[in-house]
Amino acid sequence: MQNILNLPPIWYTFAILSVLTLFGALGTIMSKNPVHSVIYLIVTFFSISAHYILLNAQFLAAVNIIVYAGAIMVLFLFVIMFLNMKEEADEMKNNKLVTAAIVTALLLGGILIIFLRRAGKEKVDALGFNSQTGMVEILGQSLYGEYLLPFELISVLFLVAMAGAVMLAKREQGERHF
Amino acid sequence: MGSFVQWLIESMFLWKALIIIVIFAITLAIAAYSTWGERKVAAYIQDRRGPNRAGWGGLLQPLADAGKMFFKEDFIPAQADKWLFILGPCLSMFTALMSSAVVPFGSSFIIGGKEVFVQAIEINIGILYVFGVVSLGVYGVMIGGWASNNKFSLLGAIRAASQNISYELAMGMSIIAILMMSGTLSVREIVLQQHGGNWNIFYQPLGFLIFTICAFAECNRTPFDLPECETELVGGYHTEYSSMKLGFYLFAEYINMFASSAVTACLFFGGYNYPGMDFVERQLISGFGANAGHNVATLIGIGSMFTKILFGIFFFMWVRWTVPRFRYDQLMNLGWKGLIPLAVGNLIITAVAILSGYKLVGIWVGLALMVILISIVWSLRPKKKNAIMGA
């Protein structure tokens with residue numbers, strides 16, 4: 001008990017945020033209503049952003065909120081509201097889906113275990129660590145310096161995906177107007 | 001315990017708390033009186049008198065409205081999703097109030113040898129913060145509209161979502177042009193760089209135009225108030241709302257106007273800068289001494305900032321009572337086919353102008369070239385045979 005009381009405030013913050021994150025994640029997969037699921041997922045994204053801020057990665061936190069909470073989840077909500085799904089999905093009766101879900105879960109679990117084992121060995125030196133690593137300036141310099149080629153390649157990939165999406169959505173000649 | 005009190009006094013905590021509360025109060029007061037101002041402006045434009053019964057010149061009208069809102073029946077439809085129905089207006093209000101947190105309303109006060117910024121928080125991702133909060137603003141509308149379990153509300157919510165996503169892109173790209181010139185994400189730094197009349201509006205006229213149009217769309221103000229278009233959707237996303245929940249939605253709109261005027265003032269009009277501010281500060285310092293003179297100069301700066309904000313709010317109202325509402329396909333065409341290509345063009349021109357070393361001249365020459373190019377392409381475009389409304 002004495003140990004818990006003497007913890008630094010940041011540990012309490014971390015504990016509260018972790019509980020919130022898990023609450024959101026569990027809510028996402030356990031709620032019956034898809035709209036509720038999406039809202040729980042937004043809660044999860046927010047608490048993950050808060051974790052980034054705890055790690056002094058402000059840029060990542062802001063971008064996570066802008067891109068995921070601000071744009072992608074709005075589109076999710078948009079589509080789900082349009083579909084207005086009411087009846088229970090009977091996806092779990094489908095054998096193929098169950099197999100795919102199990103394989104994906106095993107792969108993800110494997111990756112998680114590998115990373116946890118590595119994280120235990122390579123401890124970061126707290127005194128020599130540059131606390132400004134997650135700030136915009138340093139991140140930008142490493143993205144546009146050290147990692148310039150992968151960065152540019154990824155943006156080309158995005159451009160291709162965007163052009164593809166526009167092509168798919170384009171109304172072709174003879175198709176009916178909505 | 002003693003050390004904690006000591007820490008409270010020595011740290012900026014108390015001053016920061018005070019500044020946050022004052023900004024909060026001023027935001028609410030300005031938003032409340034915007035509702036009065038809106039009706040007065042509307043009345044003036046339509047040659048009427050506007051509210052003039054409650055108090056002198058109708059000045060107590062916002063209080064009377066708030067009283068009315070509170071005493072109305074708070075009704076929740078039977079088929080509505082109760083918790084989300086309550087969450088909707090709360091989220092709207094919450095995100096609206098959050099956005100002014102990084103806006104520097106003034107330079108700084110020197111109190112007891114310490115410099116206190118007139119700003120709630122100074123972070124080095126200020127613009128990204130504003131952008132993030134703005135992009136969250138749509139959730140209140142969407143959740144409220146869906147939870148009402150009403151077709152009109154749902155249509156309003158969906159319109160709000162697609163409108164916000166479409167206009168966020170152009171808005172972000174017009175902000176990126178500013179960021180390329182300033183080289184920082186901190187709003188205070190951007191304001192400081194505009195010191196001495198170097199306002200960004202002179203460097204980014206097209207960026208300002210795009211940003212303003214997008215700000216109108218993000219605030220759901222006429223001519224982009226399609227989500228609550230009463231001629232098509234009864235009341236849009238707030239059809240089912242009554243009492244103070246409706247009040248929250250309407251109030252959030254006015255707070256958003258205040259916040260976006262404040263951000264516009266900071267990004268394009270030099271924030272708390274005004275012409276001749278160095279001269280005024282020197283005179284004040286020689287008159288009142290270093291600290292008091294600086295503080296009085298800061299107060300004048302805050303005055304100039306609020307003048308800009310109030311003019312911005314007036315501009316919102318002026319447009320609302322002048323321009324008719326867009327049709328929905330016009331809104332989408334303007335966003336995707338008009339503003340986004342223009343914003344990309346603006347980005348390229350800005351980049352070339354910065355690299356050429358002649359920022360001001362380069363940008364204006366580039367914009368002139370773009371206008372010429374667009375008009376040539378426009379006059380050479382193939383004529384459609386059955387074009388609707390000459391579009």
# chains A, B, ... in the order shown; residues from 1 in each chain; ligands from 1

call {"tool": "closest_atom_pairs", "arguments": {"of": "chain A", "to": "chain B", "cutoff": "8 Å", "atoms": "only C-alpha atoms", "output": "tab-separated table"}}
result
residue	atom	partner	partner_atom	distance
A:Gln58	CA	B:Ile125	CA	7.1
A:Phe59	CA	B:Ile125	CA	6.7
A:Ala62	CA	B:Leu128	CA	6.1
A:Val63	CA	B:Leu128	CA	7.5
A:Ile65	CA	B:Gly132	CA	6.1
A:Ile66	CA	B:Gly132	CA	4.6
A:Ala69	CA	B:Leu136	CA	7.2
A:Gly70	CA	B:Ser135	CA	4.8
A:Ala71	CA	B:Ile165	CA	6.7
A:Val74	CA	B:Ala161	CA	6.8
A:Leu75	CA	B:Ala161	CA	7.8
A:Phe78	CA	B:Ile158	CA	6.3
A:Met81	CA	B:Trp146	CA	7.1
A:Val136	CA	B:Ile125	CA	7.6

call {"tool": "residues_around", "arguments": {"residues": "Met257 of chain B", "least_positions_apart": "3", "cutoff": "8 Å", "atoms": "only C-alpha atoms", "output": "count of residues only"}}
result
7

call {"tool": "residues_around", "arguments": {"residues": "Phe202 of chain B", "least_positions_apart": "3", "cutoff": "9 Å", "atoms": "only C-alpha atoms", "output": "PDB file with all heavy atoms, in the first residue's frame"}}
result
ATOM      1  N   ASN B 198       3.956  42.942 -41.100  1.00  0.00           N
ATOM      2  CA  ASN B 198       4.165  41.823 -42.029  1.00  0.00           C
ATOM      3  C   ASN B 198       3.025  40.819 -41.929  1.00  0.00           C
ATOM      4  O   ASN B 198       3.246  39.636 -41.731  1.00  0.00           O
ATOM      5  CB  ASN B 198       5.475  41.101 -41.712  1.00  0.00           C
ATOM      6  CG  ASN B 198       6.637  41.823 -42.283  1.00  0.00           C
ATOM      7  OD1 ASN B 198       6.575  42.313 -43.393  1.00  0.00           O
ATOM      8  ND2 ASN B 198       7.705  41.905 -41.510  1.00  0.00           N
ATOM      9  N   TRP B 199       1.812  41.323 -42.015  1.00  0.00           N
ATOM     10  CA  TRP B 199       0.677  40.417 -41.831  1.00  0.00           C
ATOM     11  C   TRP B 199       0.611  39.422 -42.967  1.00  0.00           C
ATOM     12  O   TRP B 199       0.849  39.768 -44.128  1.00  0.00           O
ATOM     13  CB  TRP B 199      -0.624  41.215 -41.750  1.00  0.00           C
ATOM     14  CG  TRP B 199      -0.719  42.056 -40.525  1.00  0.00           C
ATOM     15  CD1 TRP B 199       0.217  42.157 -39.543  1.00  0.00           C
ATOM     16  CD2 TRP B 199      -1.785  42.917 -40.153  1.00  0.00           C
ATOM     17  NE1 TRP B 199      -0.214  43.025 -38.585  1.00  0.00           N
ATOM     18  CE2 TRP B 199      -1.428  43.509 -38.930  1.00  0.00           C
ATOM     19  CE3 TRP B 199      -3.014  43.249 -40.730  1.00  0.00           C
ATOM     20  CZ2 TRP B 199      -2.254  44.413 -38.273  1.00  0.00           C
ATOM     21  CZ3 TRP B 199      -3.835  44.139 -40.082  1.00  0.00           C
ATOM     22  CH2 TRP B 199      -3.469  44.707 -38.860  1.00  0.00           C
ATOM     23  N   PRO B 205      -3.003  36.124 -49.946  1.00  0.00           N
ATOM     24  CA  PRO B 205      -4.391  36.538 -50.188  1.00  0.00           C
ATOM     25  C   PRO B 205      -5.297  35.375 -50.585  1.00  0.00           C
ATOM     26  O   PRO B 205      -6.416  35.267 -50.081  1.00  0.00           O
ATOM     27  CB  PRO B 205      -4.258  37.559 -51.330  1.00  0.00           C
ATOM     28  CG  PRO B 205      -2.932  37.318 -51.932  1.00  0.00           C
ATOM     29  CD  PRO B 205      -2.061  36.761 -50.875  1.00  0.00           C
ATOM     30  N   PHE B 268      -3.696  35.404 -40.056  1.00  0.00           N
ATOM     31  CA  PHE B 268      -3.615  36.292 -41.218  1.00  0.00           C
ATOM     32  C   PHE B 268      -3.512  37.768 -40.878  1.00  0.00           C
ATOM     33  O   PHE B 268      -3.025  38.540 -41.672  1.00  0.00           O
ATOM     34  CB  PHE B 268      -4.833  36.079 -42.122  1.00  0.00           C
ATOM     35  CG  PHE B 268      -4.851  34.736 -42.782  1.00  0.00           C
ATOM     36  CD1 PHE B 268      -5.599  33.710 -42.259  1.00  0.00           C
ATOM     37  CD2 PHE B 268      -4.098  34.499 -43.910  1.00  0.00           C
ATOM     38  CE1 PHE B 268      -5.608  32.462 -42.857  1.00  0.00           C
ATOM     39  CE2 PHE B 268      -4.110  33.260 -44.515  1.00  0.00           C
ATOM     40  CZ  PHE B 268      -4.856  32.246 -43.985  1.00  0.00           C
ATOM     41  N   LEU B 360       7.246  38.281 -51.238  1.00  0.00           N
ATOM     42  CA  LEU B 360       6.037  39.067 -51.510  1.00  0.00           C
ATOM     43  C   LEU B 360       5.775  39.174 -53.010  1.00  0.00           C
ATOM     44  O   LEU B 360       4.699  38.830 -53.498  1.00  0.00           O
ATOM     45  CB  LEU B 360       6.211  40.464 -50.898  1.00  0.00           C
ATOM     46  CG  LEU B 360       4.955  41.311 -50.788  1.00  0.00           C
ATOM     47  CD1 LEU B 360       3.917  40.593 -49.953  1.00  0.00           C
ATOM     48  CD2 LEU B 360       5.291  42.644 -50.165  1.00  0.00           C
TER      49      LEU B 360
END

call {"tool": "select_by_dssp", "arguments": {"residues": "segment 294-327 of chain B", "states": "alpha helix (DSSP H)", "output": "list of chain:residue names"}}
result
B:His294, B:Asn295, B:Val296, B:Ala297, B:Thr298, B:Leu299, B:Ile300, B:Gly301, B:Ile302, B:Gly303, B:Ser304, B:Met305, B:Phe306, B:Thr307, B:Lys308, B:Ile309, B:Leu310, B:Phe311, B:Gly312, B:Ile313, B:Phe314, B:Phe315, B:Phe316, B:Met317, B:Trp318, B:Val319, B:Arg320

call {"tool": "residues_around", "arguments": {"residues": "segment 29-44 of chain A", "least_positions_apart": "2", "cutoff": "12 Å", "atoms": "only C-alpha atoms", "output": "MDAnalysis selection string"}}
result
(chainID A and resid 17:27 46:51 64:89) or (chainID B and resid 81 83:84 87:88 136 139:140 142:144 146:147)

call {"tool": "residues_around", "arguments": {"residues": "Ala217 of chain B", "least_positions_apart": "6", "cutoff": "9 Å", "atoms": "only C-alpha atoms", "output": "list in words"}}
result
Gln163, Asn164, Tyr167, Glu168, Pro223, Phe224 and Asp225 of chain B

call {"tool": "residues_around", "arguments": {"residues": "Ala42 of chain B", "least_positions_apart": "6", "cutoff": "8 Å", "atoms": "only C-alpha atoms", "output": "PyMOL selection string"}}
result
chain B and resi 50+317-318+321

call {"tool": "write_last_selection", "arguments": {"atoms": "all heavy atoms", "output": "mmCIF file, in the first residue's frame"}}
result
data_model
loop_
_atom_site.group_PDB
_atom_site.id
_atom_site.type_symbol
_atom_site.label_atom_id
_atom_site.label_comp_id
_atom_site.auth_asym_id
_atom_site.auth_seq_id
_atom_site.Cartn_x
_atom_site.Cartn_y
_atom_site.Cartn_z
ATOM 1 N N GLY B 50 -34.988 45.159 -34.908
ATOM 2 C CA GLY B 50 -34.369 44.100 -34.133
ATOM 3 C C GLY B 50 -34.846 44.131 -32.694
ATOM 4 O O GLY B 50 -35.752 44.876 -32.346
ATOM 5 N N MET B 317 -21.676 37.479 -39.766
ATOM 6 C CA MET B 317 -23.103 37.836 -39.777
ATOM 7 C C MET B 317 -23.474 38.555 -41.072
ATOM 8 O O MET B 317 -24.518 38.290 -41.667
ATOM 9 C CB MET B 317 -23.398 38.755 -38.593
ATOM 10 C CG MET B 317 -23.258 38.037 -37.288
ATOM 11 S SD MET B 317 -23.242 39.208 -35.961
ATOM 12 C CE MET B 317 -23.019 38.079 -34.606
ATOM 13 N N TRP B 318 -22.591 39.442 -41.489
ATOM 14 C CA TRP B 318 -22.793 40.211 -42.713
ATOM 15 C C TRP B 318 -23.033 39.262 -43.886
ATOM 16 O O TRP B 318 -23.991 39.415 -44.650
ATOM 17 C CB TRP B 318 -21.531 41.041 -42.923
ATOM 18 C CG TRP B 318 -21.569 42.041 -44.016
ATOM 19 C CD1 TRP B 318 -22.631 42.403 -44.775
ATOM 20 C CD2 TRP B 318 -20.438 42.810 -44.464
ATOM 21 N NE1 TRP B 318 -22.242 43.365 -45.665
ATOM 22 C CE2 TRP B 318 -20.916 43.617 -45.499
ATOM 23 C CE3 TRP B 318 -19.104 42.889 -44.091
ATOM 24 C CZ2 TRP B 318 -20.080 44.496 -46.175
ATOM 25 C CZ3 TRP B 318 -18.278 43.751 -44.759
ATOM 26 C CH2 TRP B 318 -18.771 44.556 -45.786
ATOM 27 N N TRP B 321 -26.467 37.331 -43.806
ATOM 28 C CA TRP B 321 -27.689 38.024 -44.205
ATOM 29 C C TRP B 321 -27.579 38.628 -45.590
ATOM 30 O O TRP B 321 -28.398 39.441 -45.980
ATOM 31 C CB TRP B 321 -28.045 39.078 -43.156
ATOM 32 C CG TRP B 321 -28.316 38.407 -41.870
ATOM 33 C CD1 TRP B 321 -27.487 38.333 -40.799
ATOM 34 C CD2 TRP B 321 -29.461 37.629 -41.536
ATOM 35 N NE1 TRP B 321 -28.035 37.563 -39.815
ATOM 36 C CE2 TRP B 321 -29.253 37.119 -40.242
ATOM 37 C CE3 TRP B 321 -30.638 37.301 -42.209
ATOM 38 C CZ2 TRP B 321 -30.172 36.309 -39.605
ATOM 39 C CZ3 TRP B 321 -31.560 36.490 -41.561
ATOM 40 C CH2 TRP B 321 -31.321 36.011 -40.281
#

call {"tool": "closest_residue", "arguments": {"among": "B:Arg48, B:Arg39, B:Lys359, B:Arg381", "to": "Met181 of chain B", "atoms": "only C-alpha atoms"}}
result
B:Lys359

call {"tool": "select_by_dssp", "arguments": {"residues": "segment 106-227 of chain B", "states": "strand (DSSP E)", "output": "PyMOL selection string"}}
result
chain B and resi 106-111+114-118

call {"tool": "write_last_selection", "arguments": {"atoms": "C-alpha atoms", "output": "PDB file, in the first residue's frame"}}
result
ATOM      1  CA  GLY B 106      -2.058  39.201 -26.101  1.00  0.00           C
ATOM      2  CA  SER B 107       1.663  39.450 -25.575  1.00  0.00           C
ATOM      3  CA  SER B 108       2.500  38.981 -21.890  1.00  0.00           C
ATOM      4  CA  PHE B 109       2.055  40.543 -18.463  1.00  0.00           C
ATOM      5  CA  ILE B 110       5.027  41.009 -16.168  1.00  0.00           C
ATOM      6  CA  ILE B 111       3.822  40.163 -12.679  1.00  0.00           C
ATOM      7  CA  LYS B 114       7.680  36.847 -14.084  1.00  0.00           C
ATOM      8  CA  GLU B 115       6.420  36.893 -17.629  1.00  0.00           C
ATOM      9  CA  VAL B 116       2.911  35.447 -17.968  1.00  0.00           C
ATOM     10  CA  PHE B 117       1.672  34.865 -21.513  1.00  0.00           C
ATOM     11  CA  VAL B 118      -1.928  35.889 -22.208  1.00  0.00           C
TER      12      VAL B 118
END
